[in-house]
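Asks: File run.txt follows (compact mmCIF, C-alpha atoms):
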```txt
# COMPACT_ATOMS: atom_id res chain seq x y z
CA MET A 1 102.00 47.85 37.66
CA ASP A 2 103.71 50.79 39.34
CA VAL A 3 105.79 53.13 37.21
CA PRO A 4 108.26 55.33 39.10
CA PRO A 5 108.56 59.02 38.15
CA LEU A 6 110.45 59.66 34.91
CA ALA A 7 110.53 55.89 34.23
CA GLY A 8 108.79 53.97 31.48
CA VAL A 9 107.64 50.53 30.38
CA ASP A 10 108.62 48.97 27.07
CA ALA A 11 106.31 46.31 25.61
CA ILE A 12 106.12 44.49 22.29
CA VAL A 13 102.76 43.36 20.97
CA SER A 14 102.64 41.21 17.84
CA ARG A 15 99.72 40.33 15.62
CA ALA A 16 99.57 38.64 12.22
CA LEU A 17 98.20 40.95 9.50
CA GLU A 18 96.38 39.12 6.73
CA GLU A 19 95.17 42.06 4.63
CA VAL A 20 97.16 44.58 2.63
CA GLY A 21 96.36 48.30 2.61
CA GLN A 22 95.97 51.05 5.22
CA HIS A 23 95.77 49.96 8.87
CA ILE A 24 95.26 51.96 12.08
CA LEU A 25 96.79 50.86 15.36
CA ARG A 26 94.96 52.16 18.44
CA VAL A 27 96.90 52.18 21.71
CA GLU A 28 94.95 52.86 24.89
CA VAL A 29 96.53 53.14 28.33
CA GLY A 30 94.57 53.37 31.56
CA TYR A 31 96.27 54.82 34.62
CA GLY A 32 95.40 56.15 38.02
CA SER A 33 97.13 58.62 40.32
CA THR A 34 97.60 58.38 44.06
CA ASP A 35 94.47 60.45 44.66
CA GLY A 36 92.33 57.65 43.12
CA VAL A 37 91.34 59.43 39.88
CA SER A 38 91.39 57.11 36.83
CA LYS A 39 92.34 58.45 33.43
CA THR A 40 92.92 57.05 29.95
CA LEU A 41 95.26 57.97 27.13
CA ARG A 42 94.63 57.00 23.50
CA LYS A 43 97.01 57.28 20.57
CA PHE A 44 96.38 56.30 16.93
CA TYR A 45 99.08 55.25 14.48
CA ARG A 46 98.37 54.92 10.78
CA PHE A 47 100.58 52.63 8.67
CA ASN A 48 100.48 50.83 5.36
CA VAL A 49 100.82 47.08 4.86
CA SER A 50 102.01 45.79 1.49
CA SER A 51 102.79 42.31 0.27
CA PRO A 52 106.45 41.75 -0.69
CA LEU A 53 105.49 38.76 -2.83
CA HIS A 54 103.28 38.28 -5.85
CA ILE A 55 101.79 34.79 -6.01
CA ARG A 56 100.34 33.22 -9.15
CA GLU A 57 99.00 29.70 -9.47
CA LEU A 58 98.29 27.29 -12.30
CA THR A 59 96.41 24.03 -11.68
CA LEU A 60 96.18 21.02 -13.97
CA ARG A 61 94.12 17.86 -13.54
CA SER A 62 96.13 14.63 -13.38
CA GLY A 63 93.35 12.13 -12.76
CA ASP A 64 90.04 11.62 -11.01
CA ALA A 65 91.53 12.24 -7.54
CA SER A 66 94.70 14.30 -8.08
CA CYS A 67 95.87 17.67 -9.39
CA PHE A 68 99.19 19.36 -10.07
CA VAL A 69 99.44 22.86 -8.56
CA SER A 70 102.18 25.20 -9.80
CA ILE A 71 102.84 28.24 -7.60
CA ALA A 72 105.01 31.10 -8.93
CA VAL A 73 106.41 33.48 -6.30
CA GLU A 74 107.88 36.84 -7.37
CA ASN A 75 109.66 39.42 -5.26
CA ALA A 76 107.55 42.54 -5.77
CA ALA A 77 110.15 44.97 -4.37
CA ALA A 78 111.41 47.69 -6.71
CA ALA A 79 114.82 47.02 -8.21
CA GLY A 80 117.74 49.36 -7.68
CA GLY A 81 117.58 49.65 -3.91
CA GLY A 82 121.22 48.61 -3.56
CA ASN A 83 122.96 46.58 -0.84
CA GLY A 84 120.32 43.88 -1.06
CA ALA A 85 117.71 46.17 0.50
CA GLY A 86 114.86 44.70 -1.52
CA GLY A 87 116.00 41.08 -1.43
CA LEU A 88 114.45 38.42 0.75
CA THR A 89 114.82 34.71 1.44
CA ILE A 90 112.04 32.14 1.32
CA CYS A 91 112.44 30.17 4.56
CA SER A 92 109.69 27.63 3.95
CA ALA A 93 107.18 26.80 1.25
CA GLU A 94 104.33 24.43 1.91
CA PHE A 95 100.87 23.64 0.63
CA GLN A 96 98.10 23.18 3.20
CA PRO A 97 95.27 21.00 1.83
CA PRO A 98 91.86 20.51 3.50
CA PRO A 99 91.01 17.28 5.36
CA GLY A 100 90.88 14.26 3.05
CA LEU A 101 93.65 15.54 0.76
CA VAL A 102 97.43 15.37 1.01
CA ALA A 103 100.03 17.56 -0.71
CA GLN A 104 103.47 16.50 -1.85
CA ARG A 105 106.28 18.82 -2.93
CA ILE A 106 107.82 18.09 -6.32
CA GLY A 107 111.16 19.58 -7.24
CA GLY A 108 114.89 19.26 -6.84
CA ASP A 109 114.40 17.31 -3.61
CA ASP A 110 112.38 14.65 -5.45
CA LEU A 111 108.94 13.81 -4.03
CA VAL A 112 108.71 14.82 -0.36
CA GLU A 113 105.61 14.42 1.78
CA HIS A 114 103.87 17.64 2.84
CA GLY A 115 105.31 18.94 6.08
CA GLY A 116 108.34 16.63 5.92
CA ARG A 117 111.98 17.20 4.96
CA ASP A 118 114.34 14.92 3.12
CA LYS A 119 117.52 15.57 5.11
CA LYS A 120 119.67 13.28 2.95
CA LYS A 121 118.74 15.27 -0.15
CA GLU A 122 119.32 18.56 1.65
CA GLU A 123 122.78 17.44 2.76
CA GLY A 124 123.74 16.14 -0.68
CA VAL A 125 123.82 12.42 0.19
CA GLU A 126 123.60 10.10 -2.81
CA GLU A 127 120.68 7.69 -2.37
CA SER A 128 122.33 4.85 -4.33
CA THR A 129 125.77 4.91 -2.66
CA GLY A 130 125.05 6.65 0.64
CA LYS A 131 128.08 8.90 0.12
CA ARG A 132 128.06 12.65 0.51
CA ARG A 133 128.62 14.59 -2.69
CA GLN A 134 129.70 18.18 -3.06
CA LEU A 135 126.85 20.47 -4.03
CA ARG A 136 127.39 22.92 -6.84
CA GLY A 137 127.04 26.65 -6.38
CA ALA A 138 123.86 26.78 -8.48
CA GLU A 139 122.29 24.02 -6.35
CA LEU A 140 123.18 25.82 -3.14
CA PHE A 141 121.72 29.07 -4.47
CA ASP A 142 118.50 27.35 -5.58
CA LYS A 143 118.11 25.71 -2.17
CA SER A 144 118.73 28.99 -0.34
CA GLY A 145 115.42 30.48 -1.47
CA ARG A 146 117.01 33.86 -2.14
CA LEU A 147 114.88 36.23 -4.23
CA GLU A 148 116.26 39.55 -5.43
CA PRO A 149 113.84 42.29 -6.55
CA GLY A 150 111.96 41.13 -9.64
CA ALA A 151 113.21 37.55 -9.31
CA SER A 152 110.78 34.65 -9.15
CA PHE A 153 110.74 30.99 -8.26
CA ARG A 154 108.22 28.29 -9.07
CA TYR A 155 107.09 25.53 -6.75
CA MET A 156 105.23 22.40 -7.82
CA PHE A 157 102.87 20.37 -5.63
CA LEU A 158 100.89 17.20 -6.20
CA VAL A 159 97.56 17.30 -4.37
CA LYS A 160 95.69 14.02 -4.16
CA ALA A 161 93.00 12.28 -2.15
CA SER A 162 94.24 10.45 0.93
CA SER A 163 91.12 9.17 2.66
CA GLU A 164 89.00 6.35 1.27
CA ASP A 165 85.89 8.56 0.96
CA ALA A 166 87.81 11.27 -0.90
CA THR A 167 89.33 8.69 -3.26
CA LEU A 168 85.93 7.18 -4.08
CA ARG A 169 84.36 10.59 -4.65
CA GLY A 170 87.30 12.05 -6.55
CA ILE A 171 88.21 15.73 -6.90
CA ALA A 172 85.58 17.58 -8.90
CA CYS A 173 85.55 21.00 -10.53
CA GLY A 174 85.38 23.78 -7.94
CA ASP A 175 86.60 21.67 -5.01
CA GLU A 176 89.06 23.47 -2.75
CA LEU A 177 92.59 22.07 -2.94
CA GLY A 178 94.12 24.25 -0.24
CA LYS A 179 96.47 27.22 0.10
CA ALA A 180 100.18 27.76 -0.48
CA VAL A 181 101.92 29.31 2.54
CA PHE A 182 105.34 30.99 2.34
CA THR A 183 107.55 32.27 5.15
CA TRP A 184 110.17 34.84 4.23
CA ARG A 185 113.00 36.69 5.97
CA ARG A 186 114.82 39.91 5.11
CA ALA A 187 118.50 40.75 5.61
CA MET A 188 117.89 42.50 8.96
CA GLY A 189 115.94 39.56 10.38
CA GLU A 190 112.44 40.86 9.61
CA THR A 191 110.17 37.87 9.03
CA GLY A 192 106.80 37.51 7.39
CA ARG A 193 104.29 34.89 6.39
CA ILE A 194 101.95 35.06 3.42
CA ALA A 195 99.31 32.69 2.08
CA SER A 196 97.88 32.48 -1.40
CA SER A 197 94.18 32.59 -2.13
CA SER A 198 92.33 29.29 -2.04
CA VAL A 199 93.29 27.08 -4.99
CA LEU A 200 90.31 25.43 -6.68
CA CYS A 201 90.19 22.42 -8.94
CA PRO A 202 89.79 23.60 -12.56
CA PRO A 203 86.99 22.24 -14.75
CA SER A 204 87.55 19.69 -17.45
CA GLN A 205 87.04 21.34 -20.84
CA PRO A 206 85.82 18.91 -23.51
CA PRO A 207 85.26 20.53 -26.93
CA GLY A 208 81.47 20.68 -26.49
CA LEU A 209 81.69 23.06 -23.51
CA VAL A 210 83.98 25.66 -25.12
CA GLY A 211 81.88 28.53 -26.46
CA GLU A 212 82.52 30.93 -29.32
CA GLY A 213 83.79 33.66 -26.98
CA ALA A 214 86.40 31.44 -25.34
CA SER A 215 90.03 32.51 -25.24
CA PRO A 216 92.47 31.08 -27.80
CA ALA A 217 94.20 29.15 -25.00
CA ALA A 218 90.91 27.50 -24.02
CA VAL A 219 90.15 26.59 -27.63
CA THR A 220 93.61 25.09 -28.06
CA ALA A 221 93.30 23.10 -24.83
CA ALA A 222 89.89 21.77 -25.89
CA SER A 223 91.25 20.68 -29.26
CA HIS A 224 93.86 18.53 -27.48
CA PHE A 225 91.48 17.23 -24.80
CA VAL A 226 91.50 13.53 -23.88
CA VAL A 227 89.37 11.81 -21.26
CA HIS A 228 92.17 9.94 -19.48
CA GLY A 229 93.46 12.01 -16.55
CA SER A 230 90.97 14.85 -17.11
CA GLY A 231 88.49 14.04 -14.32
CA LEU A 232 85.62 14.28 -16.82
CA SER A 233 83.59 11.48 -15.23
CA VAL A 234 83.98 13.02 -11.74
CA ASP A 235 82.86 16.44 -13.02
CA ALA A 236 79.85 14.91 -14.77
CA ALA A 237 78.83 13.09 -11.58
CA ALA A 238 79.21 16.30 -9.53
CA ALA A 239 77.20 18.27 -12.11
CA ALA A 240 74.41 15.69 -11.99
CA ALA A 241 74.33 15.86 -8.18
CA ASN A 242 74.21 19.68 -8.22
CA ARG A 243 72.17 20.22 -11.36
CA SER A 244 69.93 22.87 -9.79
CA ALA A 245 73.01 24.97 -8.93
CA SER A 246 74.74 24.50 -12.28
CA VAL A 247 71.82 25.71 -14.44
CA THR A 248 70.91 29.38 -14.59
CA GLU A 249 67.42 30.69 -13.87
CA THR A 250 66.66 31.03 -17.57
CA GLY A 251 67.82 27.48 -18.21
CA SER A 252 70.02 28.64 -21.09
CA SER A 253 73.21 27.12 -19.66
CA THR A 254 74.09 23.56 -20.56
CA SER A 255 75.62 21.59 -17.70
CA LEU A 256 78.17 18.87 -18.22
CA ASP A 257 75.83 16.03 -17.27
CA GLU A 258 73.32 17.19 -19.90
CA LEU A 259 76.00 17.32 -22.58
CA LEU A 260 77.43 13.95 -21.51
CA PRO A 261 74.82 11.95 -19.57
CA VAL A 262 77.03 8.93 -20.24
CA THR A 263 80.83 9.03 -20.03
CA VAL A 264 83.42 6.53 -21.23
CA GLU A 265 86.75 6.43 -19.41
CA PRO A 266 89.70 4.14 -20.22
CA ILE A 267 91.06 2.05 -17.33
CA ASP A 268 94.87 2.20 -17.20
CA PRO A 269 95.29 2.65 -20.97
CA PRO A 270 98.68 1.95 -22.55
CA THR A 271 101.01 4.85 -23.24
CA ARG A 272 102.86 2.89 -25.93
CA MET A 273 101.78 0.36 -28.53
CA ASP A 274 103.72 -1.75 -31.00
CA LEU A 275 102.90 -1.37 -34.65
CA ALA A 276 100.43 -3.98 -35.97
CA VAL A 277 100.10 -5.71 -32.57
CA PRO A 278 96.47 -5.80 -31.27
CA GLN A 279 95.96 -4.81 -27.64
CA GLU A 280 92.82 -4.88 -25.50
CA VAL A 281 91.77 -1.80 -23.51
CA GLN A 282 89.15 -1.81 -20.76
CA LEU A 283 86.57 1.01 -20.84
CA LEU A 284 84.40 2.16 -17.94
CA VAL A 285 80.96 3.35 -19.07
CA VAL A 286 79.07 5.40 -16.43
CA ASN A 287 75.42 6.50 -16.60
CA HIS A 288 75.05 9.91 -14.89
CA SER A 289 71.40 10.45 -15.83
CA SER A 290 68.40 9.89 -13.58
CA ARG A 291 67.00 6.94 -15.58
CA SER A 292 68.21 3.55 -16.69
CA MET A 293 69.58 3.32 -20.21
CA ASN A 294 69.88 0.44 -22.65
CA LEU A 295 73.30 1.30 -24.06
CA GLN A 296 75.44 0.23 -26.97
CA LEU A 297 79.14 1.17 -27.24
CA GLN A 298 80.32 1.98 -30.75
CA MET A 299 83.90 2.46 -31.96
CA ARG A 300 83.39 4.17 -35.32
CA LEU A 301 86.18 3.37 -37.75
CA PRO A 302 85.75 6.45 -40.06
CA GLN A 303 86.49 8.75 -37.09
CA MET A 304 89.64 6.88 -36.02
CA SER A 305 93.16 7.59 -37.26
CA GLY A 306 96.43 5.77 -36.69
CA VAL A 307 94.97 3.49 -33.99
CA VAL A 308 91.75 1.72 -35.00
CA VAL A 309 89.41 -0.88 -33.58
CA CYS A 310 90.27 -4.53 -34.18
CA GLY A 311 87.39 -7.00 -34.05
CA PRO A 312 83.78 -6.19 -33.02
CA SER A 313 83.26 -2.44 -33.02
CA PHE A 314 79.69 -2.41 -31.62
CA LYS A 315 79.03 -3.94 -28.18
CA ASN A 316 75.70 -4.07 -26.35
CA LEU A 317 75.96 -3.20 -22.65
CA GLY A 318 72.34 -3.88 -21.68
CA GLU A 319 70.52 -1.89 -19.03
CA VAL A 320 72.88 0.39 -17.10
CA PRO A 321 71.41 1.70 -13.79
CA PRO A 322 70.99 5.48 -13.28
CA SER A 323 72.90 7.90 -11.01
CA GLY A 324 76.36 6.42 -11.33
CA GLY A 325 75.57 2.94 -12.62
CA SER A 326 78.45 1.55 -14.65
CA SER A 327 79.60 -1.23 -16.92
CA VAL A 328 83.09 -2.32 -17.98
CA VAL A 329 83.70 -3.44 -21.54
CA GLY A 330 86.87 -4.40 -23.40
CA VAL A 331 87.77 -3.34 -26.94
CA ARG A 332 90.71 -4.43 -29.08
CA LEU A 333 92.80 -1.79 -30.78
CA VAL A 334 95.58 -2.06 -33.34
CA ALA A 335 98.07 0.55 -34.53
CA LEU A 336 98.45 1.00 -38.28
CA VAL A 337 101.02 3.82 -38.39
CA ALA A 338 103.90 4.80 -36.11
CA GLY A 339 103.64 8.12 -34.29
CA LEU A 340 101.63 9.87 -31.59
CA PHE A 341 97.85 9.43 -31.90
CA ARG A 342 94.63 10.01 -30.02
CA VAL A 343 92.22 7.10 -29.64
CA GLN A 344 88.90 8.58 -30.71
CA GLY A 345 85.70 7.70 -32.53
CA CYS A 346 83.90 6.40 -29.42
CA CYS A 347 80.14 6.87 -29.27
CA VAL A 348 77.45 5.58 -26.90
CA VAL A 349 73.91 5.03 -28.22
CA ASP A 350 70.78 4.83 -26.08
CA LEU A 351 68.89 2.06 -27.91
CA THR A 352 65.59 3.08 -26.29
CA SER A 353 65.55 6.74 -27.39
CA GLY A 354 68.03 6.51 -30.24
CA ARG A 355 70.15 9.34 -28.81
CA GLU A 356 73.83 9.26 -29.80
CA ILE A 357 76.31 10.54 -27.22
CA SER A 358 79.65 11.20 -28.90
CA GLN A 359 82.63 10.94 -26.57
CA PRO A 360 85.82 13.04 -26.63
CA ALA A 361 89.10 11.39 -27.51
CA LEU A 362 89.82 8.72 -24.90
CA PHE A 363 93.61 8.81 -24.51
CA ASN A 364 96.93 9.50 -26.21
CA VAL A 365 99.24 6.68 -27.24
CA PHE A 366 102.66 6.55 -28.86
CA VAL A 367 103.02 3.90 -31.56
CA GLU A 368 106.53 2.63 -32.24
CA LYS A 369 107.89 0.08 -34.64
CA GLY A 370 108.76 -3.22 -33.07
CA GLU A 371 112.21 -4.76 -33.46
CA ASP A 372 112.73 -6.46 -36.80
CA LYS A 373 112.75 -10.21 -36.40
CA GLN A 374 115.25 -12.03 -38.55
```
Could I get this structure in the form of structure tokens?
Replies:
Amino acid sequence: MDVPPLAGVDAIVSRALEEVGQHILRVEVGYGSTDGVSKTLRKFYRFNVSSPLHIRELTLRSGDASCFVSIAVENAAAAGGGNGAGGLTICSAEFQPPPGLVAQRIGGDDLVEHGGRDKKKEEGVEESTGKRRQLRGAELFDKSGRLEPGASFRYMFLVKASSEDATLRGIACGDELGKAVFTWRRAMGETGRIASSSVLCPPSQPPGLVGEGASPAAVTAASHFVVHGSGLSVDAAAAAANRSASVTETGSSTSLDELLPVTVEPIDPPTRMDLAVPQEVQLLVVNHSSRSMNLQLQMRLPQMSGVVVCGPSFKNLGEVPPSGGSSVVGVRLVALVAGLFRVQGCCVVDLTSGREISQPALFNVFVEKGEDKQ
């Protein structure tokens, strides 16, 4: 391009910056005069890039193929700037899962598919009547995404398997769930986009895997652990498939499939039971070891409380194939006392070797008194 004397050229170059810290912008201009001599001019500009948001995540297992991801976003600007100088507005919040998974937003707008918008909810339209209702000031403020310095907001996402292969495999410990991406805007129109670090599926923590040096929170979580919804069977299968990677060179680490070569998982267990009314529960027994096992399922009455076995407590399963072989067996349970209880006391015995594999508590159930019959 030709630039007349004493004239100039204005240009805007944009580039997304994904790392915080010191950056150097190098500008190089090549030009030539009428006499054919080419010259270059370089200028360097040093500037600092900081993140206006602090992002923290907490992930909980909700089944073999789903997780709840809680993302807390905090405005990291210093308070006291005045005139809203440090405030910003979250324009969009989404969770980007890898192929095979889908993310759904959970919150005031009910359950909305990832990437979609529920316009009726946004406009305050009642789903039952179809009429528009007047939104309250607090609702409008919450929907605005405004964050003053030091303020925070929490977003909840449900990440689950969408493809058939992902559903069959499940979501195991260490699998990537995706990233949370937020777009923000300041008062003067400055926009930015920030992504969280990759969110990984947390491990299931049965009591046998919590060591002496574990944190109090981990010990408490292990003491309340139940198999249903924990993904324990999926983690055990993944550990068996990657045993060489899960054991240290010295062999001192105990992997999950060695601690629980056989897992017992309840199939759609009841959340409520009536007092003194027997109910049958189906149990899925999976052999994660590399050899066939002649198994016997035992529901041991001395280890049960509140909800106990009703009828045969020992059931022979026969030969269960290795590497994911399974068997389904039904057991009858009856509640003796009203309240909230854990169904426990389950043990699997290998009749060939005599090894006893004690199982964690299977599921929680609330026992309530039935209506009095006159």
Asks: Have a look at atom CA of A:Thr89 and atom CA of A:Arg105 and let me know their distance in Å, one decimal.
Replies: 18.6 Å
Asks: Could you check the closest approach to A:Gly330 for each of A:Ser198, A:Ser92, A:Ser163, A:Ser313 and tell me which residue wins, using only C-alpha atoms?
Replies: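 Closest residue, counting only C-alpha atoms: A:Ser313.
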Asks: Restricting the calculation to all atoms listed in the file: of A:Cys201, A:Ile90, A:Val27, A:Val264, which residue gets closest to A:Val181?
Replies: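 Going through A:Cys201, A:Ile90, A:Val27, A:Val264 one by one, the smallest distance to A:Val181 is for A:Ile90.
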Asks: Mind giving me the straight-line distance from atom CA of A:Gly150 to atom CA of A:Leu53 in Å, one decimal?
Replies: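 According to the coordinates, atom CA of A:Gly150 and atom CA of A:Leu53 are separated by 9.7 Å.
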Asks: Can you tell me which residues surround A:Pro266 at a distance of at most 7 Å, considering all atoms listed in the file, apart from same-chain residues fewer than 6 positions away, and format the answer as a list in words?
Replies: His228, Gln282, Leu283, Leu284 and Leu362 of chain A
Asks: Given the selection you just returned, output its residues as a file containing C-alpha atoms, formatted as a tab-separated table (two decimals), in the coordinates of the input.
Replies:
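The file below, result_28.tsv, is the result:
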```tsv
chain	number	residue	atom	x	y	z
A	228	HIS	CA	92.17	9.94	-19.48
A	282	GLN	CA	89.15	-1.81	-20.76
A	283	LEU	CA	86.57	1.01	-20.84
A	284	LEU	CA	84.40	2.16	-17.94
A	362	LEU	CA	89.82	8.72	-24.90
```
Asks: Set the distance at 10 Å and use only C-alpha atoms: which residues neighbour A:Val281 once local chain neighbours fewer than 4 positions away are removed? I'd like the list as a list in words.
Replies: Pro266, Ile267, Asp268, Pro269, Pro270, Val329, Gly330, Val331, Arg332 and Leu333 of chain A
Asks: Identify, on the basis of all atoms listed in the file, every residue whose closest approach to A:Gln359 does not exceed 12 Å; exclude the query and any residue fewer than 2 positions from it along the same chain; express the result as an mmCIF file with C-alpha atoms, keeping the file's coordinate frame.
Replies:
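Written out: selection.cif:
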```
data_model
loop_
_atom_site.group_PDB
_atom_site.id
_atom_site.type_symbol
_atom_site.label_atom_id
_atom_site.label_comp_id
_atom_site.auth_asym_id
_atom_site.auth_seq_id
_atom_site.Cartn_x
_atom_site.Cartn_y
_atom_site.Cartn_z
ATOM 1 C CA PRO A 206 85.820 18.910 -23.510
ATOM 2 C CA PRO A 207 85.260 20.530 -26.930
ATOM 3 C CA GLY A 208 81.470 20.680 -26.490
ATOM 4 C CA PHE A 225 91.480 17.230 -24.800
ATOM 5 C CA VAL A 226 91.500 13.530 -23.880
ATOM 6 C CA VAL A 227 89.370 11.810 -21.260
ATOM 7 C CA HIS A 228 92.170 9.940 -19.480
ATOM 8 C CA LEU A 232 85.620 14.280 -16.820
ATOM 9 C CA SER A 233 83.590 11.480 -15.230
ATOM 10 C CA LEU A 259 76.000 17.320 -22.580
ATOM 11 C CA LEU A 260 77.430 13.950 -21.510
ATOM 12 C CA PRO A 261 74.820 11.950 -19.570
ATOM 13 C CA VAL A 262 77.030 8.930 -20.240
ATOM 14 C CA THR A 263 80.830 9.030 -20.030
ATOM 15 C CA VAL A 264 83.420 6.530 -21.230
ATOM 16 C CA GLU A 265 86.750 6.430 -19.410
ATOM 17 C CA PRO A 266 89.700 4.140 -20.220
ATOM 18 C CA VAL A 285 80.960 3.350 -19.070
ATOM 19 C CA LEU A 297 79.140 1.170 -27.240
ATOM 20 C CA GLN A 298 80.320 1.980 -30.750
ATOM 21 C CA MET A 299 83.900 2.460 -31.960
ATOM 22 C CA ARG A 300 83.390 4.170 -35.320
ATOM 23 C CA GLN A 303 86.490 8.750 -37.090
ATOM 24 C CA VAL A 343 92.220 7.100 -29.640
ATOM 25 C CA GLN A 344 88.900 8.580 -30.710
ATOM 26 C CA GLY A 345 85.700 7.700 -32.530
ATOM 27 C CA CYS A 346 83.900 6.400 -29.420
ATOM 28 C CA CYS A 347 80.140 6.870 -29.270
ATOM 29 C CA VAL A 348 77.450 5.580 -26.900
ATOM 30 C CA VAL A 349 73.910 5.030 -28.220
ATOM 31 C CA GLU A 356 73.830 9.260 -29.800
ATOM 32 C CA ILE A 357 76.310 10.540 -27.220
ATOM 33 C CA ALA A 361 89.100 11.390 -27.510
ATOM 34 C CA LEU A 362 89.820 8.720 -24.900
ATOM 35 C CA PHE A 363 93.610 8.810 -24.510
#
```
Asks: Quick check, in Å to one decimal: how far apart do atom CA of A:Gly324 and atom CA of A:His288 lie?
Replies: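 The value is 5.2 Å.
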Asks: Closest to A:Arg154 among A:Ser70, A:Glu319, A:Met188, A:Asp175, using all atoms listed in the file?
Replies: A:Ser70
Asks: Would you fill out stretch 18-31 of chain A with N, CA, C and O atoms and return it as a PDB file, keeping the file's coordinate frame?
Replies:
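Listing of selection_6.pdb after writing:
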```pdb
ATOM      1  N   GLU A  18      96.726  39.954   7.879  1.00  0.00           N
ATOM      2  CA  GLU A  18      96.380  39.120   6.730  1.00  0.00           C
ATOM      3  C   GLU A  18      95.806  39.900   5.562  1.00  0.00           C
ATOM      4  O   GLU A  18      95.436  39.323   4.548  1.00  0.00           O
ATOM      5  N   GLU A  19      95.708  41.220   5.692  1.00  0.00           N
ATOM      6  CA  GLU A  19      95.170  42.060   4.630  1.00  0.00           C
ATOM      7  C   GLU A  19      96.132  43.188   4.330  1.00  0.00           C
ATOM      8  O   GLU A  19      96.700  43.789   5.250  1.00  0.00           O
ATOM      9  N   VAL A  20      96.305  43.467   3.034  1.00  0.00           N
ATOM     10  CA  VAL A  20      97.160  44.580   2.630  1.00  0.00           C
ATOM     11  C   VAL A  20      96.339  45.865   2.616  1.00  0.00           C
ATOM     12  O   VAL A  20      95.109  45.842   2.587  1.00  0.00           O
ATOM     13  N   GLY A  21      97.033  47.011   2.644  1.00  0.00           N
ATOM     14  CA  GLY A  21      96.360  48.300   2.610  1.00  0.00           C
ATOM     15  C   GLY A  21      96.623  49.107   3.874  1.00  0.00           C
ATOM     16  O   GLY A  21      97.526  48.809   4.663  1.00  0.00           O
ATOM     17  N   GLN A  22      95.826  50.165   4.075  1.00  0.00           N
ATOM     18  CA  GLN A  22      95.970  51.050   5.220  1.00  0.00           C
ATOM     19  C   GLN A  22      95.419  50.389   6.489  1.00  0.00           C
ATOM     20  O   GLN A  22      94.338  49.817   6.486  1.00  0.00           O
ATOM     21  N   HIS A  23      96.188  50.474   7.562  1.00  0.00           N
ATOM     22  CA  HIS A  23      95.770  49.960   8.870  1.00  0.00           C
ATOM     23  C   HIS A  23      95.949  51.069   9.898  1.00  0.00           C
ATOM     24  O   HIS A  23      96.789  51.970   9.735  1.00  0.00           O
ATOM     25  N   ILE A  24      95.166  51.005  10.967  1.00  0.00           N
ATOM     26  CA  ILE A  24      95.260  51.960  12.080  1.00  0.00           C
ATOM     27  C   ILE A  24      95.452  51.171  13.367  1.00  0.00           C
ATOM     28  O   ILE A  24      94.656  50.291  13.689  1.00  0.00           O
ATOM     29  N   LEU A  25      96.525  51.477  14.078  1.00  0.00           N
ATOM     30  CA  LEU A  25      96.790  50.860  15.360  1.00  0.00           C
ATOM     31  C   LEU A  25      96.350  51.820  16.468  1.00  0.00           C
ATOM     32  O   LEU A  25      96.807  52.958  16.530  1.00  0.00           O
ATOM     33  N   ARG A  26      95.434  51.338  17.318  1.00  0.00           N
ATOM     34  CA  ARG A  26      94.960  52.160  18.440  1.00  0.00           C
ATOM     35  C   ARG A  26      95.593  51.641  19.728  1.00  0.00           C
ATOM     36  O   ARG A  26      95.479  50.456  20.054  1.00  0.00           O
ATOM     37  N   VAL A  27      96.271  52.521  20.429  1.00  0.00           N
ATOM     38  CA  VAL A  27      96.900  52.180  21.710  1.00  0.00           C
ATOM     39  C   VAL A  27      96.175  52.952  22.803  1.00  0.00           C
ATOM     40  O   VAL A  27      96.059  54.186  22.742  1.00  0.00           O
ATOM     41  N   GLU A  28      95.685  52.237  23.781  1.00  0.00           N
ATOM     42  CA  GLU A  28      94.950  52.860  24.890  1.00  0.00           C
ATOM     43  C   GLU A  28      95.598  52.429  26.202  1.00  0.00           C
ATOM     44  O   GLU A  28      95.818  51.228  26.445  1.00  0.00           O
ATOM     45  N   VAL A  29      95.913  53.393  27.034  1.00  0.00           N
ATOM     46  CA  VAL A  29      96.530  53.140  28.330  1.00  0.00           C
ATOM     47  C   VAL A  29      95.642  53.724  29.426  1.00  0.00           C
ATOM     48  O   VAL A  29      95.229  54.881  29.353  1.00  0.00           O
ATOM     49  N   GLY A  30      95.338  52.896  30.404  1.00  0.00           N
ATOM     50  CA  GLY A  30      94.570  53.370  31.560  1.00  0.00           C
ATOM     51  C   GLY A  30      95.481  53.493  32.773  1.00  0.00           C
ATOM     52  O   GLY A  30      96.283  52.597  33.049  1.00  0.00           O
ATOM     53  N   TYR A  31      95.395  54.589  33.476  1.00  0.00           N
ATOM     54  CA  TYR A  31      96.270  54.820  34.620  1.00  0.00           C
ATOM     55  C   TYR A  31      95.504  55.582  35.695  1.00  0.00           C
ATOM     56  O   TYR A  31      94.493  56.231  35.435  1.00  0.00           O
TER      57      TYR A  31
END
```
